[in-house]
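Trainee: So that you have it, the file is target14.txt, and it contains compact mmCIF, C-alpha atoms and all ligand atoms:
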```
# COMPACT_ATOMS: atom_id res chain seq x y z
CA MET A 1 -33.71 67.13 -29.04
CA LEU A 2 -35.11 69.92 -26.83
CA HIS A 3 -33.50 72.60 -29.07
CA ILE A 4 -32.06 74.52 -26.13
CA LYS A 5 -28.49 75.23 -25.13
CA THR A 6 -27.42 72.21 -23.09
CA ILE A 7 -24.23 71.70 -21.13
CA GLU A 8 -23.12 68.11 -20.70
CA GLY A 9 -19.89 66.63 -19.46
CA HIS A 10 -17.89 64.49 -21.85
CA LEU A 11 -15.91 61.61 -20.39
CA GLN A 12 -12.39 62.14 -21.75
CA ALA A 13 -9.93 61.94 -18.85
CA GLN A 14 -6.70 62.61 -20.74
CA ASP A 15 -4.31 65.16 -19.13
CA LEU A 16 -6.43 65.49 -15.98
CA LYS A 17 -5.06 64.96 -12.48
CA PHE A 18 -7.01 62.74 -10.10
CA THR A 19 -6.51 61.95 -6.43
CA ILE A 20 -8.20 58.92 -4.92
CA ILE A 21 -8.59 59.12 -1.14
CA ALA A 22 -9.18 55.67 0.30
CA SER A 23 -9.66 54.51 3.88
CA ARG A 24 -7.83 51.46 5.30
CA PHE A 25 -10.83 50.43 7.40
CA ASN A 26 -12.48 47.43 5.69
CA ASP A 27 -9.58 47.45 3.24
CA PHE A 28 -10.57 44.23 1.47
CA ILE A 29 -13.73 46.04 0.32
CA VAL A 30 -12.05 49.38 -0.28
CA ASP A 31 -9.32 47.81 -2.44
CA ARG A 32 -12.05 46.71 -4.86
CA LEU A 33 -13.43 50.25 -4.99
CA ILE A 34 -9.96 51.67 -5.70
CA GLY A 35 -9.47 49.10 -8.45
CA GLY A 36 -12.79 50.06 -10.02
CA ALA A 37 -12.02 53.78 -9.90
CA VAL A 38 -8.53 53.39 -11.41
CA ASP A 39 -9.79 51.06 -14.12
CA TYR A 40 -12.54 53.53 -15.08
CA LEU A 41 -10.14 56.48 -15.27
CA ILE A 42 -7.55 54.58 -17.33
CA ARG A 43 -10.21 53.31 -19.73
CA HIS A 44 -11.32 56.91 -20.24
CA GLY A 45 -7.86 58.14 -21.16
CA ALA A 46 -6.24 59.12 -17.86
CA GLU A 47 -2.49 58.54 -17.55
CA ARG A 48 -1.32 56.39 -14.61
CA GLU A 49 1.17 59.07 -13.55
CA ASN A 50 -1.74 61.53 -13.17
CA ILE A 51 -3.58 59.34 -10.64
CA THR A 52 -2.46 59.59 -7.00
CA LEU A 53 -3.72 57.28 -4.26
CA ILE A 54 -3.79 58.53 -0.67
CA ARG A 55 -4.51 55.96 2.06
CA ILE A 56 -6.06 57.25 5.27
CA PRO A 57 -7.18 55.47 8.47
CA GLY A 58 -10.98 55.71 8.21
CA ALA A 59 -13.88 57.58 6.65
CA PHE A 60 -13.87 60.14 9.43
CA GLU A 61 -10.48 61.42 8.24
CA MET A 62 -11.65 61.93 4.62
CA PRO A 63 -12.78 65.57 4.84
CA VAL A 64 -9.55 67.01 6.23
CA VAL A 65 -7.44 65.14 3.68
CA ALA A 66 -9.79 66.05 0.83
CA SER A 67 -9.63 69.67 1.95
CA LYS A 68 -5.84 69.79 1.75
CA VAL A 69 -5.78 68.06 -1.65
CA ALA A 70 -8.52 70.31 -3.05
CA LYS A 71 -6.70 73.47 -1.95
CA SER A 72 -3.28 72.26 -3.14
CA GLY A 73 -4.08 72.60 -6.84
CA LYS A 74 -2.67 69.10 -7.34
CA ALA A 75 -5.98 67.51 -8.35
CA ASP A 76 -8.61 68.46 -10.92
CA ALA A 77 -10.99 66.00 -9.29
CA ILE A 78 -11.02 63.85 -6.16
CA ILE A 79 -12.56 60.44 -5.64
CA CYS A 80 -13.27 59.33 -2.06
CA VAL A 81 -13.74 55.61 -1.50
CA GLY A 82 -14.38 53.77 1.74
CA ALA A 83 -16.76 51.47 3.54
CA VAL A 84 -18.60 52.18 6.75
CA ILE A 85 -20.49 49.14 8.01
CA ARG A 86 -23.07 49.43 10.76
CA GLY A 87 -22.10 47.88 14.08
CA ALA A 88 -23.82 47.54 17.43
CA THR A 89 -23.30 51.15 18.55
CA PRO A 90 -24.19 54.61 17.15
CA HIS A 91 -20.57 55.03 15.98
CA PHE A 92 -21.65 54.28 12.39
CA ASP A 93 -24.04 57.24 12.31
CA TYR A 94 -21.44 59.71 13.52
CA VAL A 95 -18.76 58.51 11.10
CA CYS A 96 -21.14 58.53 8.11
CA SER A 97 -22.62 61.88 8.94
CA GLU A 98 -19.30 63.67 9.49
CA ALA A 99 -17.67 62.11 6.44
CA THR A 100 -20.61 62.94 4.19
CA LYS A 101 -21.09 66.51 5.42
CA GLY A 102 -17.36 67.19 5.42
CA ILE A 103 -16.79 65.94 1.88
CA ALA A 104 -19.75 67.95 0.55
CA HIS A 105 -18.46 71.03 2.35
CA VAL A 106 -14.97 70.70 0.85
CA SER A 107 -16.38 70.32 -2.65
CA LEU A 108 -18.64 73.36 -2.32
CA GLU A 109 -15.95 75.48 -0.67
CA THR A 110 -13.24 74.72 -3.25
CA GLY A 111 -15.23 74.03 -6.43
CA ILE A 112 -13.30 70.77 -6.88
CA PRO A 113 -15.61 67.89 -7.81
CA ILE A 114 -15.48 64.97 -5.40
CA GLY A 115 -16.84 61.58 -6.36
CA PHE A 116 -18.56 60.10 -3.33
CA GLY A 117 -17.67 56.42 -3.23
CA LEU A 118 -18.19 55.88 0.48
CA LEU A 119 -20.31 52.80 1.12
CA THR A 120 -22.59 53.15 4.13
CA THR A 121 -24.22 49.79 4.63
CA ASP A 122 -26.07 47.77 7.25
CA SER A 123 -24.04 44.63 6.61
CA LEU A 124 -20.81 43.30 5.18
CA GLU A 125 -22.81 41.54 2.50
CA GLN A 126 -24.29 44.83 1.28
CA SER A 127 -20.78 46.25 1.01
CA ILE A 128 -19.52 43.24 -0.95
CA GLU A 129 -22.46 43.61 -3.33
CA ARG A 130 -21.42 47.22 -4.05
CA ALA A 131 -17.71 46.52 -4.43
CA GLY A 132 -17.71 44.71 -7.74
CA SER A 133 -20.47 42.13 -7.49
CA LYS A 134 -24.24 42.16 -7.94
CA ALA A 135 -24.85 45.86 -7.22
CA GLY A 136 -21.93 47.05 -9.35
CA ASN A 137 -18.85 48.88 -8.12
CA LYS A 138 -19.34 52.22 -6.37
CA GLY A 139 -15.67 53.10 -6.99
CA VAL A 140 -16.42 53.06 -10.71
CA ASP A 141 -19.54 55.18 -10.18
CA ALA A 142 -17.67 57.71 -8.05
CA ALA A 143 -14.88 58.09 -10.62
CA ALA A 144 -17.46 58.49 -13.40
CA ALA A 145 -19.36 61.13 -11.44
CA ALA A 146 -16.19 63.09 -10.59
CA LEU A 147 -15.07 63.12 -14.23
CA GLU A 148 -18.46 64.07 -15.63
CA THR A 149 -18.94 66.83 -13.04
CA LEU A 150 -15.48 68.24 -13.75
CA ARG A 151 -16.28 68.37 -17.47
CA VAL A 152 -19.55 70.17 -16.68
CA LEU A 153 -17.86 72.70 -14.37
CA GLN A 154 -15.26 73.47 -17.05
CA GLN A 155 -18.06 74.73 -19.34
CA ILE A 156 -19.91 77.00 -16.89
N1 LIG A 201 -14.17 53.91 9.58
C1 LIG A 201 -14.52 53.43 8.39
O1 LIG A 201 -14.01 53.89 7.35
N2 LIG A 201 -15.44 52.40 8.28
C2 LIG A 201 -16.04 51.87 9.39
O2 LIG A 201 -16.87 50.93 9.24
C3 LIG A 201 -15.69 52.38 10.66
N3 LIG A 201 -16.29 51.81 11.86
O3 LIG A 201 -17.18 50.97 11.75
O4 LIG A 201 -15.92 52.17 12.97
C4 LIG A 201 -14.73 53.42 10.74
N4 LIG A 201 -14.34 53.93 11.92
C5 LIG A 201 -13.09 54.64 12.09
C6 LIG A 201 -13.23 56.12 11.88
O5 LIG A 201 -13.46 56.45 10.52
C7 LIG A 201 -11.93 56.84 12.32
O6 LIG A 201 -10.86 56.41 11.52
C8 LIG A 201 -11.58 56.56 13.79
O7 LIG A 201 -12.68 56.86 14.62
C9 LIG A 201 -10.34 57.37 14.23
O8 LIG A 201 -10.56 58.76 14.06
```
Represent the structure from my file as structure tokens, please.
Mentor:
Amino acid sequence: MLHIKTIEGHLQAQDLKFTIIASRFNDFIVDRLIGGAVDYLIRHGAERENITLIRIPGAFEMPVVASKVAKSGKADAIICVGAVIRGATPHFDYVCSEATKGIAHVSLETGIPIGFGLLTTDSLEQSIERAGSKAGNKGVDAAAAALETLRVLQQI
């Protein structure tokens, strides 16, 4: 339409290796995000044997695990899913900030796309809304973003 060379990512996931890194904290929410991510990848052609799930304690541990996976060559793309819910102390801010910065750093350092499916919400209700109810499923969105970004990177 613009008549210029345009690079866009297609959404075929066949023969690609994915690792989903998921925290156990708030697992009843996170399990819905994992389900959404797996369902998206399978529906876009990924093979079940090419999807690995790694469970970790909490969001704070995501960067170090993502770093090892990204450097291992065992994943073409990574999807991080978790839920950090604000409590009465500043703990929330530290966990969110370190997880977010760390994941971005790993992606930039390694060139491996990482779908960011970490919910950071003020309430449990807001997390439920984003884990497969009225605000969609952020696990699906993170898987979609990781796949599309990978397909873009492959063309640059
Ligand atoms: N980790 C989460 O993934 N979600 C949370 O809501 C959360 N809160 O609220 O504390 C949380 N904390 C644990 C943290 O990620 C680490 O696992 C822990 O501090 C041990 O290093």
Trainee: If you count all atoms listed in the file, which residues fall within 12 Å of His10 (chain A), apart from same-chain ones fewer than 5 positions away, as a PyMOL selection string?
Mentor: chain A and resi 44-45+144-155
Trainee: With C-alpha atoms retained, write the just-selected residues as a CSV table (one decimal), keeping the file's coordinate frame.
Mentor:
```csv
chain,number,residue,atom,x,y,z
A,44,HIS,CA,-11.3,56.9,-20.2
A,45,GLY,CA,-7.9,58.1,-21.2
A,144,ALA,CA,-17.5,58.5,-13.4
A,145,ALA,CA,-19.4,61.1,-11.4
A,146,ALA,CA,-16.2,63.1,-10.6
A,147,LEU,CA,-15.1,63.1,-14.2
A,148,GLU,CA,-18.5,64.1,-15.6
A,149,THR,CA,-18.9,66.8,-13.0
A,150,LEU,CA,-15.5,68.2,-13.8
A,151,ARG,CA,-16.3,68.4,-17.5
A,152,VAL,CA,-19.6,70.2,-16.7
A,153,LEU,CA,-17.9,72.7,-14.4
A,154,GLN,CA,-15.3,73.5,-17.0
A,155,GLN,CA,-18.1,74.7,-19.3
```
Trainee: Work out how far apart atom N1 of ligand LIG 201 (chain A) and CA of Leu41 (chain A) are and give it in Å to one decimal.
Mentor: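 Atom-to-atom, atom N1 of ligand LIG 201 (chain A) and CA of Leu41 (chain A) are spaced 25.3 Å apart.
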Trainee: Using only C-alpha atoms and all ligand atoms, determine which residues fall within 10 Å of ligand LIG 201 (chain A), then list them as number ranges by chain.
Mentor: A: 22-27, 30, 56-62, 81-96, 98-99, 118-124
Trainee: Please report the interatomic distance between CA of Glu47 (chain A) and CA of Ile29 (chain A) in Å with one decimal.
Mentor: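 Between these atoms lies a distance of 24.5 Å.
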Trainee: I need the residue nearest Ile34 (chain A) from this list: A:Ile79, A:Glu125, A:Ala135, A:Leu16. Use only C-alpha atoms for the distance.
Mentor: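 Among A:Ile79, A:Glu125, A:Ala135, A:Leu16, it is A:Ile79 that comes nearest to Ile34 (chain A).
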Trainee: My list of candidates is A:Ile112, A:Ala142, A:Leu33, A:Leu11. Which is closest to Lys68 (chain A) when distances are computed with all atoms listed in the file?
Mentor: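 Selected residue with least distance to Lys68 (chain A): A:Ile112.
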Trainee: Box along x, y and z, 3 Å on every side, all listed atoms of region 139-146 of chain A inside: centre and edge lengths in Å to one decimal, as lines of an AutoDock Vina configuration file.
Mentor:
```
center_x = -17.2
center_y = 58.1
center_z = -10.2
size_x = 10.7
size_y = 16.0
size_z = 12.4
```
Trainee: Using all atoms listed in the file, can you tell me which of A:Ile156, A:Ile21, A:Ile78, A:Val64 comes closest to Ile7 (chain A)?
Mentor: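 Of A:Ile156, A:Ile21, A:Ile78, A:Val64, the one nearest Ile7 (chain A), counting all atoms listed in the file, is A:Ile156.
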Trainee: Distance CA of Gly117 (chain A)-CA of Thr6 (chain A), one decimal place?
Mentor: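 Answer for the CA of Gly117 (chain A) to CA of Thr6 (chain A) separation: 27.2 Å.
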Trainee: Go through A:Arg55, A:His3, A:Lys17, A:His105 one by one, measure the shortest atom-to-atom distance of each to Gly73 (chain A) using only C-alpha atoms, and give the residue with the smallest value.
Mentor: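 Closest to Gly73 (chain A) of all the choices is A:Lys17.
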Trainee: List the spatial neighbours of Ala104 (chain A) as JSON, numbers by chain - criterion: any atom at most 10 Å away, all atoms listed in the file, same-chain residues fewer than 5 positions off excluded.
Mentor: {"A": [63, 98, 99, 109, 113, 114, 115, 116]}
Trainee: Any chance you could export the current selection's C-alpha atoms as an mmCIF file, keeping the file's coordinate frame?
Mentor:
```cif
data_model
loop_
_atom_site.group_PDB
_atom_site.id
_atom_site.type_symbol
_atom_site.label_atom_id
_atom_site.label_comp_id
_atom_site.auth_asym_id
_atom_site.auth_seq_id
_atom_site.Cartn_x
_atom_site.Cartn_y
_atom_site.Cartn_z
ATOM 1 C CA PRO A 63 -12.780 65.570 4.840
ATOM 2 C CA GLU A 98 -19.300 63.670 9.490
ATOM 3 C CA ALA A 99 -17.670 62.110 6.440
ATOM 4 C CA GLU A 109 -15.950 75.480 -0.670
ATOM 5 C CA PRO A 113 -15.610 67.890 -7.810
ATOM 6 C CA ILE A 114 -15.480 64.970 -5.400
ATOM 7 C CA GLY A 115 -16.840 61.580 -6.360
ATOM 8 C CA PHE A 116 -18.560 60.100 -3.330
#
```
Trainee: Which residue is closest to Thr110 (chain A)? Choose from A:Arg32, A:Lys5, A:Lys71, A:Lys138 and count all atoms listed in the file.
Mentor: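 For Thr110 (chain A), the nearest of the given residues is A:Lys71.
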Trainee: Starting from the incomplete input, reconstruct all heavy atoms of region 17-28 of chain A and report them as a tab-separated table (two decimals), keeping the file's coordinate frame.
Mentor:
```tsv
chain	number	residue	atom	x	y	z
A	17	LYS	N	-5.68	65.53	-13.69
A	17	LYS	CA	-5.06	64.96	-12.48
A	17	LYS	C	-6.15	64.53	-11.49
A	17	LYS	O	-7.05	65.31	-11.17
A	17	LYS	CB	-4.15	66.00	-11.82
A	17	LYS	CG	-2.91	66.31	-12.65
A	17	LYS	CD	-2.06	67.39	-12.00
A	17	LYS	CE	-2.52	68.76	-12.40
A	17	LYS	NZ	-2.88	69.71	-11.43
A	18	PHE	N	-6.03	63.30	-11.04
A	18	PHE	CA	-7.01	62.74	-10.10
A	18	PHE	C	-6.32	62.30	-8.81
A	18	PHE	O	-5.22	61.76	-8.86
A	18	PHE	CB	-7.70	61.51	-10.70
A	18	PHE	CG	-8.49	61.81	-11.94
A	18	PHE	CD1	-7.89	61.70	-13.20
A	18	PHE	CD2	-9.81	62.22	-11.87
A	18	PHE	CE1	-8.61	61.98	-14.36
A	18	PHE	CE2	-10.53	62.50	-13.02
A	18	PHE	CZ	-9.93	62.38	-14.26
A	19	THR	N	-6.98	62.53	-7.69
A	19	THR	CA	-6.51	61.95	-6.43
A	19	THR	C	-7.63	61.08	-5.86
A	19	THR	O	-8.77	61.53	-5.74
A	19	THR	CB	-6.13	63.04	-5.41
A	19	THR	OG1	-5.01	63.78	-5.93
A	19	THR	CG2	-5.72	62.41	-4.08
A	20	ILE	N	-7.27	59.85	-5.56
A	20	ILE	CA	-8.20	58.92	-4.92
A	20	ILE	C	-7.84	58.88	-3.44
A	20	ILE	O	-6.68	58.63	-3.08
A	20	ILE	CB	-8.10	57.51	-5.53
A	20	ILE	CG1	-8.45	57.55	-7.02
A	20	ILE	CG2	-9.01	56.53	-4.78
A	20	ILE	CD1	-8.15	56.26	-7.76
A	21	ILE	N	-8.80	59.19	-2.59
A	21	ILE	CA	-8.59	59.12	-1.14
A	21	ILE	C	-9.34	57.89	-0.64
A	21	ILE	O	-10.56	57.78	-0.82
A	21	ILE	CB	-9.11	60.40	-0.45
A	21	ILE	CG1	-8.37	61.63	-1.01
A	21	ILE	CG2	-8.91	60.31	1.06
A	21	ILE	CD1	-8.90	62.96	-0.48
A	22	ALA	N	-8.59	56.97	-0.06
A	22	ALA	CA	-9.18	55.67	0.30
A	22	ALA	C	-8.86	55.31	1.75
A	22	ALA	O	-7.71	55.41	2.18
A	22	ALA	CB	-8.64	54.58	-0.63
A	23	SER	N	-9.88	54.89	2.48
A	23	SER	CA	-9.66	54.51	3.88
A	23	SER	C	-9.13	53.07	3.98
A	23	SER	O	-9.40	52.23	3.12
A	23	SER	CB	-10.95	54.68	4.67
A	23	SER	OG	-12.02	54.09	3.97
A	24	ARG	N	-8.36	52.82	5.05
A	24	ARG	CA	-7.83	51.46	5.30
A	24	ARG	C	-8.85	50.58	5.99
A	24	ARG	O	-8.79	49.36	5.89
A	24	ARG	CB	-6.59	51.54	6.18
A	24	ARG	CG	-5.42	52.21	5.54
A	24	ARG	CD	-4.16	52.05	6.36
A	24	ARG	NE	-3.12	52.92	5.86
A	24	ARG	CZ	-2.41	52.65	4.77
A	24	ARG	NH1	-2.59	51.53	4.10
A	24	ARG	NH2	-1.51	53.50	4.35
A	25	PHE	N	-9.78	51.19	6.70
A	25	PHE	CA	-10.83	50.43	7.40
A	25	PHE	C	-11.60	49.59	6.38
A	25	PHE	O	-11.99	50.11	5.34
A	25	PHE	CB	-11.77	51.43	8.09
A	25	PHE	CG	-12.31	50.95	9.40
A	25	PHE	CD1	-11.80	51.44	10.61
A	25	PHE	CD2	-13.32	50.01	9.45
A	25	PHE	CE1	-12.31	51.00	11.83
A	25	PHE	CE2	-13.83	49.57	10.66
A	25	PHE	CZ	-13.33	50.07	11.86
A	26	ASN	N	-11.82	48.34	6.64
A	26	ASN	CA	-12.48	47.43	5.69
A	26	ASN	C	-11.72	47.40	4.36
A	26	ASN	O	-12.32	47.48	3.28
A	26	ASN	CB	-13.94	47.83	5.47
A	26	ASN	CG	-14.76	47.76	6.74
A	26	ASN	OD1	-14.65	46.82	7.50
A	26	ASN	ND2	-15.58	48.78	7.00
A	27	ASP	N	-10.40	47.27	4.44
A	27	ASP	CA	-9.58	47.45	3.24
A	27	ASP	C	-9.86	46.42	2.15
A	27	ASP	O	-9.66	46.70	0.96
A	27	ASP	CB	-8.09	47.55	3.57
A	27	ASP	CG	-7.52	46.28	4.17
A	27	ASP	OD1	-8.32	45.37	4.53
A	27	ASP	OD2	-6.29	46.19	4.29
A	28	PHE	N	-10.31	45.23	2.52
A	28	PHE	CA	-10.57	44.23	1.47
A	28	PHE	C	-11.75	44.64	0.59
A	28	PHE	O	-11.83	44.24	-0.57
A	28	PHE	CB	-10.78	42.83	2.08
A	28	PHE	CG	-12.01	42.70	2.92
A	28	PHE	CD1	-13.12	42.03	2.43
A	28	PHE	CD2	-12.08	43.26	4.18
A	28	PHE	CE1	-14.27	41.92	3.20
A	28	PHE	CE2	-13.23	43.16	4.94
A	28	PHE	CZ	-14.32	42.50	4.45
```
